[in-house]
Each structure stands twice: as C-alpha cells, then as structure tokens.
>>> print(open('upload.csv').read())   # CSV, C-alpha atoms
chain,number,residue,atom,x,y,z
J,1,MET,CA,32.0,35.8,-259.5
J,2,SER,CA,31.1,38.0,-262.5
J,3,SER,CA,33.8,39.5,-264.7
J,4,ILE,CA,32.9,43.0,-263.5
J,5,LEU,CA,33.2,42.2,-259.8
J,6,HIS,CA,36.9,41.5,-259.2
J,7,GLY,CA,36.5,40.4,-255.6
J,8,ASP,CA,37.0,42.6,-252.6
J,9,ALA,CA,39.6,44.2,-250.4
J,10,ASN,CA,38.7,43.7,-246.8
J,11,SER,CA,35.0,43.5,-247.7
J,12,ILE,CA,35.0,46.5,-250.0
J,13,ALA,CA,34.0,45.5,-253.5
J,14,VAL,CA,36.5,45.9,-256.4
J,15,VAL,CA,34.4,46.7,-259.5
J,16,ASP,CA,35.5,47.0,-263.2
J,17,PHE,CA,34.0,50.3,-264.1
J,18,GLY,CA,35.1,50.0,-267.6
J,19,ALA,CA,32.1,47.7,-268.3
J,20,PHE,CA,29.9,50.7,-267.4
J,21,LEU,CA,31.9,53.2,-269.5
J,22,ASP,CA,31.8,51.0,-272.6
J,23,GLY,CA,28.2,50.0,-272.1
J,24,SER,CA,28.8,46.3,-272.0
J,25,ALA,CA,27.4,45.8,-268.4
J,26,ARG,CA,25.9,49.0,-267.2
J,27,GLU,CA,23.2,47.5,-265.0
J,28,GLY,CA,25.6,44.9,-263.5
J,29,VAL,CA,28.2,47.5,-262.6
J,30,ALA,CA,25.5,49.8,-261.2
J,31,LYS,CA,24.1,47.0,-259.0
J,32,ASP,CA,27.6,46.1,-257.7
J,33,ILE,CA,28.5,49.7,-256.8
J,34,LEU,CA,25.1,50.2,-255.0
J,35,ASP,CA,25.5,46.9,-253.2
J,36,SER,CA,28.9,47.9,-251.9
J,37,PHE,CA,27.6,51.3,-250.9
J,38,LYS,CA,24.7,49.7,-249.0
J,39,ARG,CA,27.1,47.3,-247.1
J,40,VAL,CA,30.1,49.4,-246.4
J,41,GLY,CA,29.7,52.8,-248.0
J,42,PHE,CA,32.9,52.3,-250.1
J,43,VAL,CA,33.8,50.8,-253.4
J,44,TYR,CA,37.0,50.3,-255.4
J,45,LEU,CA,36.7,51.1,-259.2
J,46,VAL,CA,39.3,49.8,-261.6
J,47,ASN,CA,39.3,51.0,-265.3
J,48,HIS,CA,37.6,54.1,-263.9
J,49,GLY,CA,38.4,56.4,-266.8
J,50,ILE,CA,40.9,58.9,-265.2
J,51,PRO,CA,44.0,58.6,-267.3
J,52,GLU,CA,47.0,57.1,-265.5
J,53,HIS,CA,49.3,59.8,-266.8
J,54,LYS,CA,47.1,62.5,-265.4
J,55,ILE,CA,47.1,60.8,-262.0
J,56,ARG,CA,50.9,60.3,-262.1
J,57,ASP,CA,51.4,64.0,-263.1
J,58,MET,CA,49.0,65.3,-260.4
J,59,PHE,CA,50.9,63.4,-257.6
J,60,GLU,CA,54.2,64.8,-259.0
J,61,TRP,CA,52.7,68.3,-258.8
J,62,SER,CA,51.5,67.6,-255.3
J,63,LYS,CA,55.0,66.5,-254.2
J,64,ARG,CA,56.6,69.6,-255.8
J,65,PHE,CA,54.1,71.9,-254.0
J,66,PHE,CA,54.6,70.4,-250.6
J,67,ALA,CA,58.4,70.3,-251.1
J,68,GLN,CA,58.3,74.2,-251.1
J,69,PRO,CA,59.4,76.0,-248.0
J,70,THR,CA,56.6,76.8,-245.6
J,71,ASP,CA,56.8,80.5,-246.2
J,72,VAL,CA,56.4,79.9,-250.0
J,73,LYS,CA,53.3,77.6,-249.4
J,74,LEU,CA,51.8,80.3,-247.2
J,75,LEU,CA,51.7,82.7,-250.1
J,76,ALA,CA,48.5,80.9,-250.9
J,77,PRO,CA,47.1,80.8,-247.3
J,78,HIS,CA,43.8,79.1,-246.3
J,79,PRO,CA,41.6,81.7,-244.6
J,80,PRO,CA,41.0,81.4,-240.9
J,81,SER,CA,37.4,80.2,-241.5
J,82,GLY,CA,36.6,76.7,-242.5
J,83,THR,CA,33.8,78.0,-244.7
J,84,HIS,CA,36.3,79.3,-247.3
J,85,HIS,CA,38.0,75.9,-247.9
J,86,ARG,CA,40.7,77.0,-250.4
J,87,GLY,CA,44.5,77.4,-250.3
J,88,TYR,CA,47.2,75.9,-248.1
J,89,SER,CA,46.8,74.7,-244.6
J,90,ALA,CA,50.0,73.9,-242.6
J,91,PRO,CA,50.2,70.8,-240.3
J,92,GLY,CA,48.1,71.1,-237.2
J,93,ILE,CA,45.8,73.9,-238.5
J,94,GLU,CA,42.8,71.8,-239.6
J,95,LYS,CA,41.3,69.2,-237.2
J,96,VAL,CA,38.8,66.8,-238.8
J,97,VAL,CA,36.1,66.0,-236.3
J,98,GLN,CA,32.8,64.1,-236.3
J,99,HIS,CA,29.8,66.2,-235.4
J,100,VAL,CA,31.5,68.5,-232.8
J,101,TYR,CA,30.6,72.1,-233.2
J,102,ASP,CA,31.1,73.6,-229.7
J,103,GLU,CA,34.1,76.0,-229.8
J,104,ALA,CA,35.5,74.9,-226.4
J,105,SER,CA,35.2,71.2,-227.2
J,106,LEU,CA,36.9,71.7,-230.6
J,107,LYS,CA,39.8,73.5,-228.9
J,108,THR,CA,40.3,70.6,-226.5
J,109,ILE,CA,40.3,68.0,-229.3
J,110,ARG,CA,42.8,70.0,-231.3
J,111,GLU,CA,45.2,70.4,-228.4
J,112,LYS,CA,45.0,66.7,-227.4
J,113,ALA,CA,46.0,65.2,-230.8
J,114,PRO,CA,46.6,67.6,-233.7
J,115,ASP,CA,46.2,66.3,-237.2
J,116,VAL,CA,49.8,66.1,-238.7
J,117,LYS,CA,49.0,66.7,-242.3
J,118,GLU,CA,49.2,69.6,-244.7
J,119,SER,CA,46.8,70.3,-247.6
J,120,PHE,CA,46.0,72.5,-250.6
J,121,GLU,CA,42.4,73.0,-251.8
J,122,CYS,CA,41.0,74.4,-255.0
J,123,GLY,CA,37.6,74.4,-256.7
J,124,TRP,CA,35.7,76.0,-259.5
J,125,GLU,CA,37.8,78.9,-260.8
J,126,GLU,CA,34.7,81.1,-261.4
J,127,SER,CA,33.3,80.8,-257.9
J,128,GLU,CA,32.4,84.1,-256.3
J,129,SER,CA,31.4,82.6,-252.9
J,130,MET,CA,34.6,80.5,-252.5
J,131,PRO,CA,37.3,81.9,-254.8
J,132,ASN,CA,40.5,79.9,-255.3
J,133,ILE,CA,43.7,81.0,-253.6
J,134,TRP,CA,46.7,80.4,-255.7
J,135,LEU,CA,50.5,80.9,-255.4
J,136,PRO,CA,51.8,83.9,-257.3
J,137,GLU,CA,52.3,83.1,-261.0
J,138,ARG,CA,56.1,83.2,-260.6
J,139,VAL,CA,56.0,80.4,-258.0
J,140,LEU,CA,55.7,76.9,-259.3
J,141,PRO,CA,54.5,77.8,-262.8
J,142,GLY,CA,52.0,75.3,-264.3
J,143,PHE,CA,50.7,74.2,-260.9
J,144,LYS,CA,47.4,76.1,-261.2
J,145,GLU,CA,46.7,74.8,-264.7
J,146,ALA,CA,47.5,71.2,-263.6
J,147,CYS,CA,45.1,71.5,-260.6
J,148,LEU,CA,42.2,72.9,-262.7
J,149,ASP,CA,42.7,70.4,-265.5
J,150,PHE,CA,42.6,67.5,-263.0
J,151,TYR,CA,39.6,69.1,-261.2
J,152,TRP,CA,37.5,68.8,-264.4
J,153,THR,CA,38.9,65.4,-265.3
J,154,CYS,CA,37.6,64.1,-261.9
J,155,HIS,CA,34.3,65.8,-262.5
J,156,GLU,CA,33.7,63.8,-265.7
J,157,THR,CA,34.3,60.6,-263.7
J,158,GLU,CA,32.0,61.8,-260.9
J,159,LEU,CA,29.2,62.2,-263.4
J,160,HIS,CA,29.6,58.6,-264.7
J,161,ILE,CA,29.6,57.3,-261.1
J,162,LEU,CA,26.4,59.3,-260.3
J,163,ARG,CA,24.7,57.9,-263.4
J,164,ALA,CA,25.6,54.4,-262.2
J,165,LEU,CA,24.2,55.1,-258.8
J,166,ALA,CA,21.0,56.4,-260.2
J,167,ILE,CA,20.6,53.3,-262.4
J,168,GLY,CA,21.3,51.1,-259.4
J,169,LEU,CA,18.6,53.0,-257.4
J,170,GLY,CA,16.1,52.6,-260.2
J,171,ILE,CA,15.7,56.3,-260.9
J,172,PRO,CA,16.3,58.3,-264.1
J,173,GLU,CA,19.9,58.1,-265.1
J,174,ASP,CA,20.5,61.8,-264.9
J,175,HIS,CA,18.6,62.5,-261.7
J,176,LEU,CA,21.7,62.9,-259.6
J,177,VAL,CA,23.8,64.5,-262.3
J,178,GLN,CA,21.4,67.4,-262.7
J,179,TYR,CA,22.3,68.6,-259.2
J,180,HIS,CA,26.1,68.3,-259.8
J,181,ASN,CA,27.6,71.0,-262.0
J,182,ALA,CA,31.0,70.9,-260.2
J,183,HIS,CA,30.5,74.4,-259.0
J,184,ASP,CA,30.8,73.4,-255.3
J,185,ASN,CA,33.3,70.5,-255.6
J,186,GLN,CA,36.7,70.5,-254.0
J,187,LEU,CA,40.0,69.1,-255.2
J,188,ARG,CA,42.4,68.5,-252.2
J,189,LEU,CA,46.0,67.6,-252.2
J,190,LEU,CA,47.2,66.0,-249.0
J,191,HIS,CA,50.6,65.3,-247.6
J,192,TYR,CA,51.1,63.4,-244.3
J,193,PRO,CA,54.7,64.0,-243.1
J,194,SER,CA,56.7,61.2,-241.5
J,195,VAL,CA,56.0,61.0,-237.8
J,196,PRO,CA,57.0,58.5,-235.1
J,197,VAL,CA,54.9,55.4,-235.2
J,198,LYS,CA,54.7,55.3,-231.4
J,199,ASP,CA,53.1,58.8,-231.4
J,200,LEU,CA,50.4,57.7,-233.7
J,201,LEU,CA,49.7,54.5,-231.8
J,202,ASP,CA,49.7,56.4,-228.5
J,203,GLU,CA,47.3,59.0,-230.1
J,204,LYS,CA,49.7,61.9,-229.2
J,205,VAL,CA,49.2,63.0,-232.8
J,206,SER,CA,46.8,61.8,-235.6
J,207,ARG,CA,46.9,61.8,-239.4
J,208,ILE,CA,43.1,62.2,-239.8
J,209,ASP,CA,40.8,61.1,-236.9
J,210,ALA,CA,37.6,59.1,-237.5
J,211,HIS,CA,35.1,61.0,-239.5
J,212,SER,CA,32.6,60.8,-242.3
J,213,ASP,CA,32.6,62.9,-245.4
J,214,PHE,CA,29.6,65.2,-245.7
J,215,GLY,CA,29.0,65.7,-249.4
J,216,SER,CA,27.5,63.3,-251.9
J,217,ILE,CA,30.5,61.2,-253.0
J,218,THR,CA,34.2,61.4,-252.6
J,219,LEU,CA,36.7,60.1,-255.2
J,220,LEU,CA,40.1,59.2,-253.6
J,221,LEU,CA,43.4,58.4,-255.2
J,222,GLN,CA,46.2,57.3,-252.8
J,223,ASP,CA,49.8,56.3,-253.0
J,224,THR,CA,51.0,52.8,-252.0
J,225,VAL,CA,51.9,53.6,-248.4
J,226,GLY,CA,48.5,52.7,-246.9
J,227,GLY,CA,46.9,53.7,-243.6
J,228,LEU,CA,43.3,54.3,-244.6
J,229,GLU,CA,40.8,52.5,-242.3
J,230,ILE,CA,37.0,52.3,-242.4
J,231,GLU,CA,34.7,51.4,-239.5
J,232,ASP,CA,33.4,47.8,-239.8
J,233,PRO,CA,29.6,48.3,-240.3
J,234,ASN,CA,29.0,45.1,-238.4
J,235,HIS,CA,31.2,46.0,-235.4
J,236,PRO,CA,30.9,49.7,-234.6
J,237,GLY,CA,34.2,51.1,-233.1
J,238,HIS,CA,36.3,48.5,-234.9
J,239,PHE,CA,38.2,49.6,-237.9
J,240,ILE,CA,39.5,47.6,-240.9
J,241,SER,CA,42.2,48.5,-243.4
J,242,ALA,CA,41.2,49.8,-246.8
J,243,PRO,CA,44.5,49.0,-248.5
J,244,PRO,CA,45.8,50.5,-251.7
J,245,VAL,CA,44.6,48.5,-254.8
J,246,GLU,CA,46.8,49.0,-257.8
J,247,GLY,CA,45.1,51.1,-260.5
J,248,ALA,CA,41.9,51.6,-258.4
J,249,LEU,CA,40.0,54.7,-257.5
J,250,ILE,CA,38.3,54.5,-254.1
J,251,VAL,CA,34.8,56.0,-254.0
J,252,ASN,CA,32.8,56.5,-250.8
J,253,ALA,CA,29.4,58.0,-250.0
J,254,GLY,CA,29.1,61.1,-247.8
J,255,ASP,CA,26.5,62.0,-245.2
J,256,PHE,CA,24.5,64.1,-247.6
J,257,MET,CA,24.1,61.1,-250.0
J,258,MET,CA,23.0,58.9,-247.1
J,259,ARG,CA,20.4,61.5,-246.1
J,260,TRP,CA,19.4,62.0,-249.7
J,261,SER,CA,18.9,58.2,-250.2
J,262,ASN,CA,16.8,57.9,-247.0
J,263,ASP,CA,19.6,55.9,-245.4
J,264,VAL,CA,19.6,53.3,-248.3
J,265,ILE,CA,23.2,54.2,-248.9
J,266,ARG,CA,25.7,54.1,-246.0
J,267,SER,CA,28.1,56.9,-245.1
J,268,THR,CA,30.9,55.2,-243.3
J,269,ILE,CA,33.3,56.6,-240.7
J,270,HIS,CA,36.9,56.4,-241.7
J,271,ARG,CA,40.3,57.6,-240.6
J,272,VAL,CA,44.0,57.5,-241.5
J,273,ARG,CA,46.4,55.9,-239.1
J,274,ALA,CA,49.9,54.3,-239.3
J,275,PRO,CA,50.1,51.8,-242.1
J,276,PRO,CA,49.2,48.3,-240.9
J,277,GLY,CA,52.3,46.3,-239.7
J,278,VAL,CA,54.6,49.1,-240.6
J,279,GLN,CA,58.2,48.3,-239.6
J,280,THR,CA,60.9,50.9,-240.1
J,281,ALA,CA,64.5,51.1,-238.9
J,282,ASP,CA,64.1,54.6,-237.4
J,283,GLY,CA,60.6,54.1,-235.9
J,284,MET,CA,59.1,56.7,-238.3
J,285,THR,CA,56.0,56.2,-240.5
J,286,PRO,CA,56.6,56.8,-244.2
J,287,GLU,CA,55.2,60.0,-245.5
J,288,ARG,CA,51.9,59.6,-247.4
J,289,TYR,CA,50.2,61.4,-250.3
J,290,SER,CA,46.6,61.3,-251.3
J,291,ILE,CA,44.2,63.2,-253.6
J,292,PRO,CA,40.6,63.3,-252.6
J,293,TYR,CA,38.0,64.9,-254.8
J,294,PHE,CA,34.9,65.9,-252.8
J,295,CYS,CA,31.7,66.1,-254.7
J,296,ALA,CA,28.7,68.0,-253.5
J,297,PRO,CA,25.3,68.9,-255.0
J,298,ASP,CA,25.0,72.5,-256.0
J,299,PHE,CA,24.8,74.7,-252.9
J,300,SER,CA,21.8,76.5,-254.3
J,301,ALA,CA,19.7,73.4,-254.4
J,302,VAL,CA,17.1,72.3,-251.9
J,303,VAL,CA,16.6,68.5,-252.0
J,304,GLU,CA,14.4,65.9,-250.5
J,305,CYS,CA,14.7,62.1,-250.2
J,306,LEU,CA,15.2,60.4,-253.6
J,307,PRO,CA,12.2,58.8,-255.3
J,308,GLY,CA,12.0,55.1,-254.7
J,309,THR,CA,13.8,55.3,-251.4
J,310,TYR,CA,10.6,55.7,-249.3
J,311,SER,CA,7.1,54.4,-249.2
J,312,ASP,CA,4.0,54.3,-247.0
J,313,GLU,CA,5.7,51.6,-244.9
J,314,ASN,CA,9.1,53.4,-244.9
J,315,PRO,CA,8.4,57.1,-245.0
J,316,PRO,CA,11.1,59.8,-245.6
J,317,LYS,CA,13.3,60.2,-242.5
J,318,TYR,CA,14.5,63.7,-243.4
J,319,GLU,CA,12.9,67.0,-244.3
J,320,PRO,CA,13.9,68.8,-247.5
J,321,ILE,CA,17.2,70.7,-246.8
J,322,SER,CA,19.4,73.4,-248.4
J,323,VAL,CA,22.6,71.8,-249.6
J,324,GLY,CA,24.7,75.0,-248.9
J,325,GLN,CA,23.5,75.4,-245.4
J,326,TYR,CA,24.2,71.8,-244.6
J,327,ILE,CA,27.7,71.7,-246.1
J,328,MET,CA,28.9,75.1,-244.7
J,329,HIS,CA,27.8,74.1,-241.2
J,330,ARG,CA,30.0,71.0,-241.4
J,331,LEU,CA,32.9,72.8,-243.0
J,332,ALA,CA,33.0,75.5,-240.2
J,333,ALA,CA,33.8,72.9,-237.6
J,334,SER,CA,37.1,72.0,-239.2
J,335,TYR,CA,39.0,75.2,-238.4
>>> encode(input="upload.csv", output="structure tokens")
Amino acid sequence: MSSILHGDANSIAVVDFGAFLDGSAREGVAKDILDSFKRVGFVYLVNHGIPEHKIRDMFEWSKRFFAQPTDVKLLAPHPPSGTHHRGYSAPGIEKVVQHVYDEASLKTIREKAPDVKESFECGWEESESMPNIWLPERVLPGFKEACLDFYWTCHETELHILRALAIGLGIPEDHLVQYHNAHDNQLRLLHYPSVPVKDLLDEKVSRIDAHSDFGSITLLLQDTVGGLEIEDPNHPGHFISAPPVEGALIVNAGDFMMRWSNDVIRSTIHRVRAPPGVQTADGMTPERYSIPYFCAPDFSAVVECLPGTYSDENPPKYEPISVGQYIMHRLAASY
C-alpha cells in the first residue's frame, strides 16, 4: 500500500491529501481520489488543509446556534421555497427526496416519515439571486463572521480537490476550477436531535432519507456519533456504514459531476440513520452534528461532457446543460 493511500473505511479510500498540497505526490493522490470516486463516489481525505482549530470553532458555533430557542432561530427563517436555500429550517420542514417532483407525492412522503433535523444555510454574501438570511446583529454576535470565514476556507480546499480530480481525469489542471468561483456554493450546519432508536428503525421518522447530492462535489465534516451510510455500488439497495475517521474530510461526487464526467465518476446514494449498533440506556439516539459544504459550478455556466470522457466508441450520454436550471430544479423538490 502506498504512503498516500491509508487504507479504506468500508471500501471508501482514505487518502493523504497532504501529499497533493505539498507537491510530493500530486499524480498519485489524484489517481487514488479518482479511483475511489469511480468505485464508490466517496473518498476520505486526511491532511486536507482545513485547519483543525477552524473546524472545532465552527462546530462550537453550530452548537451555540442550535441551542437557541426556536423563536430566536426563526429570526433567520428559511423562505418557503426550496430555491432560496438560506437561513434556518426547523425539524420536519425539509424532506430530502430522490427524484420526486410531483407535489402530491412529495406531501405523502413528508407525512409518512418527516426528516428530524434542523439546519442553517448560508452562501456568498454578495449574491443577489440567493441572498443570505442572518440573525439580527444583537443575536449571537460573531456567528455571521464565523460562517463566512469558514465558507471561504472550505472553498480553498474545494479548489485543490477539483485540481486533483482534473489531473486524475487527464485534463488541464484548472479546467474544473474555472467553473467554480464559489458564488453558488452552500455552507450548511446540521443538527439531528436525539430521537427514539425504535422510531428510526421502524421508519416512523428519518434523519435524512436515501438521496444523492446534485452539485459537483460535497465536502463533509461530521462529529464522532456516526450514522452516515452509502449504497453499496455492487449491491443496489444495500447500505454500508461510512464511519467517522479521525481528522478526515469526507468528499463525495454529486449528480452534476457524474453527468459532467459522462458517468466516469459515480454519484452515490447515501442517507443518515441510527448509528450502527447504538445501545443507549434510554433507547434514544445521540444527537448528531455535521457540516456539509455543497459545491456547484457557477449557475450561469452551460457545460458539456468533459474532454477525455467520451470517444467515438463511447459518445457523450448527455446534452449540454445550464447549471442553474439543473440545480434549481433539484432544490425546489426539497421544500
């Protein structure tokens, strides 16, 4: 096993990204990331470049935010429409679904098993199409500044990962980067309150149902509780745990990246359930916190399959598409 490939966690590669950042093994890291993306659509990166103190501080800010009374959190309310994905959503408001767009069907799914989670979203502060929605300045001072700082810190890591993917694909290093100016990314703080284990197992409630992300890549930081599962690519419908790995950043490909790569890269369905083997005295699951950073190409772009992913024998499977139209269509189904 190479020094940059640290093994795997339930078939997801654990890669030392530091060897890409310091230039000592750029091609090797790029290959290992792409290989894991081809196999399972996910990869763990250690030595990923996001400072540990910033991660720790952001989780603390997240806990402080979600500890506020509901009426205080609702001073930064998420709009009724899923296409303006900013602000606070209370438990049960959002329902993550997989390619369901019919209003009646969505209503039935939400009523059957609501998502018991709460979230706060923010993005590019200068956006006119999707402006941020913040708490009043007097409430939780410093929260806005911490979120925006972490947003741009994650963007720097996003760009390094996109460069690695491009190298792995054999295209110019900045080919993917040129479409990602962070104007349409989303930082999400997530809190999963404690719920009865039995209710999760009986599917009376859910944390997040099975779904795929729909941007280019997602960066995910999670606490030590666990519960993230990915669909086994070799056994559709069967899910395997993606356990927390100390110091690791989880990165997964979204549907847009799969389409963009002409299906070379896999976008894998995943979900959040009760942590595996959880045993608690009161029958309740521990609360869980995570911080995903959703990366999307600029909404104004129209893209076609990446060079090198198609040939005469394997022609492009997809027509050129507007990034904005695709992403907004998917967002609208969540609310």
>>> closest_residue(input="upload.csv", among="J:Thr218, J:Ser290, J:Thr309, J:Asn234", to="J:Asn262", atoms="all atoms listed in the file")
J:Thr309
>>> closest_residue(input="upload.csv", among="J:Ser62, J:Ser129, J:Ser36, J:Ser24", to="J:Thr83", atoms="all atoms listed in the file")
J:Ser129
>>> atom_distance(input="upload.csv", atom1="atom CA of J:Gly87", atom2="atom CA of J:Glu158")
22.6 Å
>>> closest_residue(input="upload.csv", among="J:Arg330, J:Lys144, J:His85, J:Lys38", to="J:Arg188", atoms="only C-alpha atoms")
J:His85
>>> closest_residue(input="upload.csv", among="J:Ile250, J:Ser212, J:Thr285, J:Ala242", to="J:Val15", atoms="all atoms listed in the file")
J:Ile250
>>> closest_atom_pairs(input="upload.csv", of="stretch 146-168 of chain J", to="stretch 296-302 of chain J", cutoff="12 Å", atoms="all atoms listed in the file", output="JSON lines")
{"residue": "J:His155", "atom": "CA", "partner": "J:Ala296", "partner_atom": "CA", "distance": 10.8}
{"residue": "J:Glu158", "atom": "CA", "partner": "J:Ala296", "partner_atom": "CA", "distance": 10.2}
{"residue": "J:Leu159", "atom": "CA", "partner": "J:Pro297", "partner_atom": "CA", "distance": 11.4}
{"residue": "J:Leu162", "atom": "CA", "partner": "J:Pro297", "partner_atom": "CA", "distance": 11.0}
>>> write_last_selection(input="upload.csv", atoms="C-alpha atoms", output="tab-separated table (two decimals), keeping the file's coordinate frame")
chain	number	residue	atom	x	y	z
J	155	HIS	CA	34.30	65.80	-262.50
J	158	GLU	CA	32.00	61.80	-260.90
J	159	LEU	CA	29.20	62.20	-263.40
J	162	LEU	CA	26.40	59.30	-260.30
>>> atom_distance(input="upload.csv", atom1="atom CA of J:Ser89", atom2="atom CA of J:Met257")
27.0 Å
>>> closest_residue(input="upload.csv", among="J:Pro243, J:Leu201, J:Gln68, J:Phe214", to="J:Met284", atoms="only C-alpha atoms")
J:Leu201
>>> closest_residue(input="upload.csv", among="J:Pro136, J:Pro193, J:Pro244, J:Pro69", to="J:Ala9", atoms="only C-alpha atoms")
J:Pro244
>>> residues_around(input="upload.csv", residues="J:Ala332", least_positions_apart="3", cutoff="8 Å", atoms="all atoms listed in the file", output="number ranges by chain")
J: 81-83, 328-329, 335
>>> atom_distance(input="upload.csv", atom1="atom CA of J:Met58", atom2="atom CA of J:Leu221")
10.3 Å
>>> residues_around(input="upload.csv", residues="J:Phe42", least_positions_apart="5", cutoff="6 Å", atoms="all atoms listed in the file", output="PDB file with C-alpha atoms, in the frame of the given file")
ATOM      1  CA  PHE J  37      27.600  51.300-250.900  1.00  0.00           C
ATOM      2  CA  VAL J 251      34.800  56.000-254.000  1.00  0.00           C
ATOM      3  CA  ASN J 252      32.800  56.500-250.800  1.00  0.00           C
TER       4      ASN J 252
END
>>> residues_around(input="upload.csv", residues="J:Leu75", least_positions_apart="2", cutoff="10 Å", atoms="only C-alpha atoms", output="list in words")
Thr70, Asp71, Val72, Lys73, Pro77, His78, Gly87, Tyr88, Ile133, Trp134, Leu135, Pro136 and Val139 of chain J
>>> residues_around(input="upload.csv", residues="J:Lys198", least_positions_apart="6", cutoff="12 Å", atoms="all atoms listed in the file", output="PyMOL selection string")
chain J and resi 204-206+273-274+278-280+282-285
>>> residues_around(input="upload.csv", residues="J:Glu145", least_positions_apart="6", cutoff="12 Å", atoms="all atoms listed in the file", output="list of chain:residue names")
J:Asp57, J:Met58, J:Trp61, J:Cys122, J:Glu125, J:Trp134, J:Leu135, J:Glu137, J:Tyr151, J:Trp152
